[in-house]
>>> print(open('query20.txt').read())   # compact mmCIF, C-alpha atoms
# COMPACT_ATOMS: atom_id res chain seq x y z
CA GLN F 1 8.00 -2.75 4.78
CA VAL F 2 5.30 -1.93 2.26
CA GLN F 3 5.31 1.35 0.39
CA LEU F 4 2.28 2.79 -1.35
CA VAL F 5 2.77 5.79 -3.60
CA GLU F 6 -0.24 7.72 -4.86
CA SER F 7 -0.39 10.13 -7.75
CA GLY F 8 -2.94 11.77 -10.01
CA GLY F 9 -4.54 14.31 -7.73
CA GLY F 10 -5.05 17.92 -8.66
CA LEU F 11 -7.53 20.67 -9.33
CA VAL F 12 -10.53 19.89 -11.51
CA GLN F 13 -13.76 21.68 -12.34
CA PRO F 14 -17.13 20.29 -11.22
CA GLY F 15 -18.24 17.58 -13.59
CA GLY F 16 -14.68 16.72 -14.49
CA SER F 17 -12.66 13.55 -14.08
CA LEU F 18 -9.45 12.42 -12.47
CA ARG F 19 -7.68 9.11 -12.24
CA LEU F 20 -5.68 8.35 -9.14
CA SER F 21 -3.03 5.65 -9.10
CA CYS F 22 -1.38 3.80 -6.25
CA VAL F 23 1.79 1.84 -6.87
CA SER F 24 2.70 -0.78 -4.33
CA SER F 25 6.17 -2.04 -3.49
CA ARG F 26 4.62 -5.45 -2.96
CA ASN F 27 2.48 -7.59 -5.21
CA ILE F 28 -1.03 -6.24 -4.74
CA PHE F 29 -2.45 -9.75 -4.74
CA ASP F 30 -0.52 -10.39 -1.53
CA PHE F 31 -2.98 -8.08 0.21
CA ASN F 32 -6.32 -9.12 1.63
CA THR F 33 -7.78 -5.79 0.59
CA VAL F 34 -6.63 -2.69 -1.26
CA GLY F 35 -8.61 0.48 -1.47
CA TRP F 36 -8.99 4.21 -1.40
CA TYR F 37 -10.00 6.42 1.50
CA ARG F 38 -10.44 10.16 1.67
CA GLN F 39 -10.39 12.81 4.33
CA ALA F 40 -11.92 16.23 3.89
CA PRO F 41 -11.02 19.15 6.18
CA GLY F 42 -12.69 18.78 9.54
CA LYS F 43 -14.04 15.33 8.73
CA GLU F 44 -13.05 11.79 9.53
CA ARG F 45 -11.33 9.59 7.03
CA GLU F 46 -13.85 7.54 5.09
CA LEU F 47 -13.76 4.58 2.75
CA VAL F 48 -14.28 5.45 -0.89
CA ALA F 49 -13.76 2.11 -2.59
CA SER F 50 -12.05 -1.19 -1.94
CA VAL F 51 -11.41 -4.51 -3.62
CA ASN F 52 -10.50 -7.71 -1.82
CA PHE F 53 -8.30 -10.57 -2.93
CA GLY F 54 -11.26 -12.37 -4.46
CA GLY F 55 -12.29 -9.36 -6.49
CA THR F 56 -15.26 -8.24 -4.44
CA ILE F 57 -15.63 -4.48 -4.73
CA ASN F 58 -17.19 -2.12 -2.24
CA TYR F 59 -18.08 1.53 -2.88
CA ALA F 60 -19.26 4.29 -0.60
CA ASP F 61 -22.85 5.21 -1.46
CA SER F 62 -21.76 8.75 -2.28
CA VAL F 63 -19.52 7.59 -5.15
CA LYS F 64 -21.48 4.69 -6.62
CA GLY F 65 -21.98 5.13 -10.33
CA ARG F 66 -19.26 7.79 -10.53
CA PHE F 67 -16.06 6.13 -9.30
CA ILE F 68 -14.45 2.87 -10.38
CA ILE F 69 -11.65 1.01 -8.63
CA PHE F 70 -9.51 -1.38 -10.62
CA ARG F 71 -6.14 -3.04 -10.29
CA ASP F 72 -3.35 -4.54 -12.35
CA GLY F 73 -1.21 -7.18 -10.68
CA ALA F 74 1.50 -6.98 -13.32
CA LYS F 75 1.97 -3.31 -12.49
CA ASN F 76 1.27 -3.64 -8.74
CA THR F 77 -1.08 -0.73 -9.18
CA VAL F 78 -4.57 0.16 -8.03
CA TRP F 79 -6.44 2.97 -9.74
CA LEU F 80 -9.44 5.05 -8.83
CA GLN F 81 -11.25 6.51 -11.80
CA MET F 82 -13.36 9.43 -10.65
CA ASP F 83 -15.99 10.93 -12.94
CA SER F 84 -18.69 13.56 -12.47
CA LEU F 85 -16.71 15.11 -9.67
CA SER F 86 -18.38 17.60 -7.36
CA PRO F 87 -17.00 19.99 -4.74
CA GLU F 88 -18.09 17.48 -2.09
CA ASP F 89 -15.40 15.13 -3.41
CA THR F 90 -12.67 17.56 -2.39
CA ALA F 91 -10.36 15.77 0.02
CA VAL F 92 -6.99 14.15 0.47
CA TYR F 93 -7.21 10.66 -1.01
CA PHE F 94 -5.21 7.85 0.54
CA CYS F 95 -4.35 4.45 -0.80
CA SER F 96 -4.63 1.64 1.72
CA ALA F 97 -3.64 -2.00 1.76
CA ARG F 98 -4.22 -4.65 4.38
CA ILE F 99 -2.51 -7.97 5.04
CA LEU F 100 -4.15 -9.80 7.93
CA ARG F 101 -3.96 -7.25 10.78
CA ALA F 102 -1.37 -4.98 9.19
CA ASN F 103 -2.63 -1.83 7.49
CA TYR F 104 -0.49 0.25 5.18
CA TRP F 105 -1.13 3.78 3.93
CA GLY F 106 0.20 6.01 1.25
CA GLN F 107 1.08 9.63 1.82
CA GLY F 108 -2.10 10.92 0.22
CA THR F 109 -2.87 13.01 -2.82
CA GLN F 110 -4.99 16.15 -2.82
CA VAL F 111 -8.10 16.33 -4.98
CA THR F 112 -9.77 19.70 -5.25
CA VAL F 113 -12.99 20.18 -7.18
CA SER F 114 -13.71 23.83 -7.78
CA SER F 115 -14.69 26.24 -10.50
>>> encode(input="query20.txt", output="structure tokens")
Amino acid sequence: QVQLVESGGGLVQPGGSLRLSCVSSRNIFDFNTVGWYRQAPGKERELVASVNFGGTINYADSVKGRFIIFRDGAKNTVWLQMDSLSPEDTAVYFCSARILRANYWGQGTQVTVSS
């Protein structure tokens, strides 16, 4: 069983930054893809950023130029650096990892952007 544990969420003012981390119980390079999703109240869960085994990165258009996803295999960790945050980024952020047809999710971490 794979466990993904997120941390780093919180309350931040518009224009501020946060860094989310996701620690995996399994070597992150075992996964086909690791990434971050978010779900705002009343909305569907959406992809924020992902990176596949080969290093190809994909960002949602709404976060391009503001968010960066990166990983460290030695630490089995995936991070999401979020800059220039706006209230529209407020959501619960989930770490996700996929091996073939199996998808794993973390418990989520709340990010609130408000003055």
>>> atom_distance(input="query20.txt", atom1="CA of Arg66 (chain F)", atom2="CA of Ala97 (chain F)")
22.2 Å
>>> axis_aligned_box(input="query20.txt", around="region 22-36 of chain F", padding_each_side="6 Å", output="AutoDock Vina command-line options")
--center_x -1.4 --center_y -3.1 --center_z -2.6 --size_x 27.2 --size_y 26.6 --size_z 20.5
>>> closest_residue(input="query20.txt", among="F:Arg19, F:Lys75, F:Lys43, F:Arg38", to="Val92 (chain F)", atoms="only C-alpha atoms")
F:Arg38
>>> residues_around(input="query20.txt", residues="Ser50 (chain F)", least_positions_apart="3", cutoff="9 Å", atoms="only C-alpha atoms", output="PDB file with C-alpha atoms, in the coordinates of the input")
ATOM      1  CA  THR F  33      -7.780  -5.790   0.590  1.00  0.00           C
ATOM      2  CA  VAL F  34      -6.630  -2.690  -1.260  1.00  0.00           C
ATOM      3  CA  GLY F  35      -8.610   0.480  -1.470  1.00  0.00           C
ATOM      4  CA  TRP F  36      -8.990   4.210  -1.400  1.00  0.00           C
ATOM      5  CA  TYR F  37     -10.000   6.420   1.500  1.00  0.00           C
ATOM      6  CA  LEU F  47     -13.760   4.580   2.750  1.00  0.00           C
ATOM      7  CA  THR F  56     -15.260  -8.240  -4.440  1.00  0.00           C
ATOM      8  CA  ILE F  57     -15.630  -4.480  -4.730  1.00  0.00           C
ATOM      9  CA  ASN F  58     -17.190  -2.120  -2.240  1.00  0.00           C
ATOM     10  CA  TYR F  59     -18.080   1.530  -2.880  1.00  0.00           C
ATOM     11  CA  ILE F  69     -11.650   1.010  -8.630  1.00  0.00           C
ATOM     12  CA  SER F  96      -4.630   1.640   1.720  1.00  0.00           C
TER      13      SER F  96
END
>>> atom_distance(input="query20.txt", atom1="CA of Leu20 (chain F)", atom2="CA of Met82 (chain F)")
7.9 Å
>>> atom_distance(input="query20.txt", atom1="CA of Arg98 (chain F)", atom2="CA of Phe31 (chain F)")
5.5 Å
>>> closest_residue(input="query20.txt", among="F:Ile99, F:Val23, F:Leu18, F:Val51", to="Asp83 (chain F)", atoms="all atoms listed in the file")
F:Leu18
>>> closest_residue(input="query20.txt", among="F:Arg101, F:Ser114, F:Arg45, F:Gln81", to="Ser17 (chain F)", atoms="all atoms listed in the file")
F:Gln81
>>> closest_residue(input="query20.txt", among="F:Ser84, F:Thr90, F:Asn32, F:Thr109", to="Leu4 (chain F)", atoms="all atoms listed in the file")
F:Thr109
>>> closest_residue(input="query20.txt", among="F:Ser24, F:Asn52, F:Gln13, F:Gln1", to="Val78 (chain F)", atoms="only C-alpha atoms")
F:Ser24
>>> residues_around(input="query20.txt", residues="Ser115 (chain F)", least_positions_apart="5", cutoff="9 Å", atoms="all atoms listed in the file", output="PyMOL selection string")
chain F and resi 12-14+87
>>> closest_residue(input="query20.txt", among="F:Leu80, F:Arg71, F:Val113, F:Phe53", to="Leu100 (chain F)", atoms="all atoms listed in the file")
F:Phe53
>>> residues_around(input="query20.txt", residues="Gly73 (chain F)", least_positions_apart="5", cutoff="8 Å", atoms="only C-alpha atoms", output="count of residues only")
3
>>> decode(input="query20.txt", residues="chain F", atoms="C-alpha atoms", output="PDB file, in the first residue's frame")
ATOM      1  CA  GLN F   1       0.000   0.000   0.000  1.00  0.00           C
ATOM      2  CA  VAL F   2       1.297   3.429  -0.955  1.00  0.00           C
ATOM      3  CA  GLN F   3       1.000   6.349   1.417  1.00  0.00           C
ATOM      4  CA  LEU F   4       1.272   9.959   0.335  1.00  0.00           C
ATOM      5  CA  VAL F   5       1.510  12.609   3.027  1.00  0.00           C
ATOM      6  CA  GLU F   6       1.115  16.269   2.114  1.00  0.00           C
ATOM      7  CA  SER F   7       2.123  19.272   4.147  1.00  0.00           C
ATOM      8  CA  GLY F   8       2.768  22.968   3.705  1.00  0.00           C
ATOM      9  CA  GLY F   9      -0.711  24.362   3.274  1.00  0.00           C
ATOM     10  CA  GLY F  10      -2.014  27.342   5.167  1.00  0.00           C
ATOM     11  CA  LEU F  11      -3.292  30.871   4.972  1.00  0.00           C
ATOM     12  CA  VAL F  12      -1.419  33.338   2.793  1.00  0.00           C
ATOM     13  CA  GLN F  13      -2.113  36.832   1.511  1.00  0.00           C
ATOM     14  CA  PRO F  14      -2.652  37.502  -2.204  1.00  0.00           C
ATOM     15  CA  GLY F  15       0.677  37.728  -3.957  1.00  0.00           C
ATOM     16  CA  GLY F  16       2.314  35.463  -1.419  1.00  0.00           C
ATOM     17  CA  SER F  17       3.982  32.085  -1.753  1.00  0.00           C
ATOM     18  CA  LEU F  18       3.661  28.611  -0.328  1.00  0.00           C
ATOM     19  CA  ARG F  19       5.529  25.388  -0.881  1.00  0.00           C
ATOM     20  CA  LEU F  20       3.644  22.142  -0.597  1.00  0.00           C
ATOM     21  CA  SER F  21       5.420  18.853  -0.067  1.00  0.00           C
ATOM     22  CA  CYS F  22       4.312  15.284  -0.607  1.00  0.00           C
ATOM     23  CA  VAL F  23       6.287  12.453   0.921  1.00  0.00           C
ATOM     24  CA  SER F  24       5.760   9.023  -0.539  1.00  0.00           C
ATOM     25  CA  SER F  25       6.184   5.702   1.230  1.00  0.00           C
ATOM     26  CA  ARG F  26       7.469   4.319  -2.049  1.00  0.00           C
ATOM     27  CA  ASN F  27      10.262   5.459  -4.323  1.00  0.00           C
ATOM     28  CA  ILE F  28       8.703   8.207  -6.414  1.00  0.00           C
ATOM     29  CA  PHE F  29      10.499   6.951  -9.503  1.00  0.00           C
ATOM     30  CA  ASP F  30       8.444   3.760  -9.237  1.00  0.00           C
ATOM     31  CA  PHE F  31       5.435   5.807 -10.322  1.00  0.00           C
ATOM     32  CA  ASN F  32       4.456   6.522 -13.902  1.00  0.00           C
ATOM     33  CA  THR F  33       3.286   9.971 -12.868  1.00  0.00           C
ATOM     34  CA  VAL F  34       3.209  12.068  -9.721  1.00  0.00           C
ATOM     35  CA  GLY F  35       1.385  15.331  -9.412  1.00  0.00           C
ATOM     36  CA  TRP F  36      -0.795  17.794  -7.622  1.00  0.00           C
ATOM     37  CA  TYR F  37      -4.532  18.304  -7.946  1.00  0.00           C
ATOM     38  CA  ARG F  38      -6.808  20.768  -6.229  1.00  0.00           C
ATOM     39  CA  GLN F  39     -10.468  21.016  -5.414  1.00  0.00           C
ATOM     40  CA  ALA F  40     -12.190  24.256  -4.553  1.00  0.00           C
ATOM     41  CA  PRO F  41     -15.601  24.334  -2.824  1.00  0.00           C
ATOM     42  CA  GLY F  42     -18.351  23.453  -5.256  1.00  0.00           C
ATOM     43  CA  LYS F  43     -15.915  22.595  -8.027  1.00  0.00           C
ATOM     44  CA  GLU F  44     -14.478  19.430  -9.480  1.00  0.00           C
ATOM     45  CA  ARG F  45     -10.998  18.281  -8.700  1.00  0.00           C
ATOM     46  CA  GLU F  46      -8.553  19.562 -11.295  1.00  0.00           C
ATOM     47  CA  LEU F  47      -4.977  18.874 -12.260  1.00  0.00           C
ATOM     48  CA  VAL F  48      -2.526  21.547 -11.181  1.00  0.00           C
ATOM     49  CA  ALA F  49       0.791  20.050 -12.202  1.00  0.00           C
ATOM     50  CA  SER F  50       2.292  16.665 -12.912  1.00  0.00           C
ATOM     51  CA  VAL F  51       5.603  15.090 -13.834  1.00  0.00           C
ATOM     52  CA  ASN F  52       6.021  11.685 -15.414  1.00  0.00           C
ATOM     53  CA  PHE F  53       8.780   9.151 -15.017  1.00  0.00           C
ATOM     54  CA  GLY F  54      10.701  10.637 -17.923  1.00  0.00           C
ATOM     55  CA  GLY F  55      10.567  14.118 -16.472  1.00  0.00           C
ATOM     56  CA  THR F  56       7.909  15.607 -18.711  1.00  0.00           C
ATOM     57  CA  ILE F  57       6.011  18.267 -16.800  1.00  0.00           C
ATOM     58  CA  ASN F  58       2.461  19.421 -17.358  1.00  0.00           C
ATOM     59  CA  TYR F  59       0.841  22.508 -15.814  1.00  0.00           C
ATOM     60  CA  ALA F  60      -2.706  23.769 -15.797  1.00  0.00           C
ATOM     61  CA  ASP F  61      -2.929  26.969 -17.834  1.00  0.00           C
ATOM     62  CA  SER F  62      -4.102  28.857 -14.761  1.00  0.00           C
ATOM     63  CA  VAL F  63      -0.839  28.215 -12.892  1.00  0.00           C
ATOM     64  CA  LYS F  64       1.759  28.391 -15.660  1.00  0.00           C
ATOM     65  CA  GLY F  65       4.497  30.824 -14.786  1.00  0.00           C
ATOM     66  CA  ARG F  66       3.497  30.867 -11.114  1.00  0.00           C
ATOM     67  CA  PHE F  67       3.794  27.271  -9.893  1.00  0.00           C
ATOM     68  CA  ILE F  68       6.687  24.841 -10.190  1.00  0.00           C
ATOM     69  CA  ILE F  69       6.620  21.107  -9.537  1.00  0.00           C
ATOM     70  CA  PHE F  70       9.830  19.332  -8.676  1.00  0.00           C
ATOM     71  CA  ARG F  71      10.883  16.081  -7.074  1.00  0.00           C
ATOM     72  CA  ASP F  72      13.740  14.477  -5.197  1.00  0.00           C
ATOM     73  CA  GLY F  73      14.095  10.721  -5.473  1.00  0.00           C
ATOM     74  CA  ALA F  74      16.472  10.496  -2.531  1.00  0.00           C
ATOM     75  CA  LYS F  75      13.789  12.024  -0.317  1.00  0.00           C
ATOM     76  CA  ASN F  76      10.817  10.372  -2.063  1.00  0.00           C
ATOM     77  CA  THR F  77       9.274  13.813  -2.134  1.00  0.00           C
ATOM     78  CA  VAL F  78       7.429  15.932  -4.661  1.00  0.00           C
ATOM     79  CA  TRP F  79       7.047  19.645  -4.063  1.00  0.00           C
ATOM     80  CA  LEU F  80       4.788  22.300  -5.476  1.00  0.00           C
ATOM     81  CA  GLN F  81       6.200  25.794  -5.254  1.00  0.00           C
ATOM     82  CA  MET F  82       3.382  28.294  -5.561  1.00  0.00           C
ATOM     83  CA  ASP F  83       4.111  31.970  -6.137  1.00  0.00           C
ATOM     84  CA  SER F  84       1.941  34.995  -6.883  1.00  0.00           C
ATOM     85  CA  LEU F  85      -0.992  33.315  -5.222  1.00  0.00           C
ATOM     86  CA  SER F  86      -4.475  34.706  -5.747  1.00  0.00           C
ATOM     87  CA  PRO F  87      -7.797  33.993  -4.037  1.00  0.00           C
ATOM     88  CA  GLU F  88      -8.699  31.810  -7.027  1.00  0.00           C
ATOM     89  CA  ASP F  89      -5.989  29.388  -5.897  1.00  0.00           C
ATOM     90  CA  THR F  90      -7.862  28.674  -2.676  1.00  0.00           C
ATOM     91  CA  ALA F  91      -8.571  24.955  -2.546  1.00  0.00           C
ATOM     92  CA  VAL F  92      -7.645  21.673  -0.960  1.00  0.00           C
ATOM     93  CA  TYR F  93      -4.507  20.424  -2.699  1.00  0.00           C
ATOM     94  CA  PHE F  94      -3.981  16.703  -3.149  1.00  0.00           C
ATOM     95  CA  CYS F  95      -0.881  14.787  -4.035  1.00  0.00           C
ATOM     96  CA  SER F  96      -1.413  11.981  -6.523  1.00  0.00           C
ATOM     97  CA  ALA F  97       0.694   9.140  -7.819  1.00  0.00           C
ATOM     98  CA  ARG F  98      -0.044   6.572 -10.487  1.00  0.00           C
ATOM     99  CA  ILE F  99       1.459   3.173 -11.210  1.00  0.00           C
ATOM    100  CA  LEU F 100      -0.084   1.620 -14.309  1.00  0.00           C
ATOM    101  CA  ARG F 101      -3.823   1.629 -13.491  1.00  0.00           C
ATOM    102  CA  ALA F 102      -3.486   2.210  -9.765  1.00  0.00           C
ATOM    103  CA  ASN F 103      -3.987   5.755  -8.498  1.00  0.00           C
ATOM    104  CA  TYR F 104      -3.004   6.853  -5.026  1.00  0.00           C
ATOM    105  CA  TRP F 105      -4.016  10.018  -3.199  1.00  0.00           C
ATOM    106  CA  GLY F 106      -2.898  11.902  -0.168  1.00  0.00           C
ATOM    107  CA  GLN F 107      -5.291  13.270   2.412  1.00  0.00           C
ATOM    108  CA  GLY F 108      -5.063  16.818   1.096  1.00  0.00           C
ATOM    109  CA  THR F 109      -3.819  20.082   2.499  1.00  0.00           C
ATOM    110  CA  GLN F 110      -5.821  23.300   2.629  1.00  0.00           C
ATOM    111  CA  VAL F 111      -4.510  26.409   0.898  1.00  0.00           C
ATOM    112  CA  THR F 112      -6.365  29.627   1.570  1.00  0.00           C
ATOM    113  CA  VAL F 113      -5.427  32.867  -0.142  1.00  0.00           C
ATOM    114  CA  SER F 114      -7.053  35.824   1.527  1.00  0.00           C
ATOM    115  CA  SER F 115      -6.272  39.259   2.860  1.00  0.00           C
TER     116      SER F 115
END
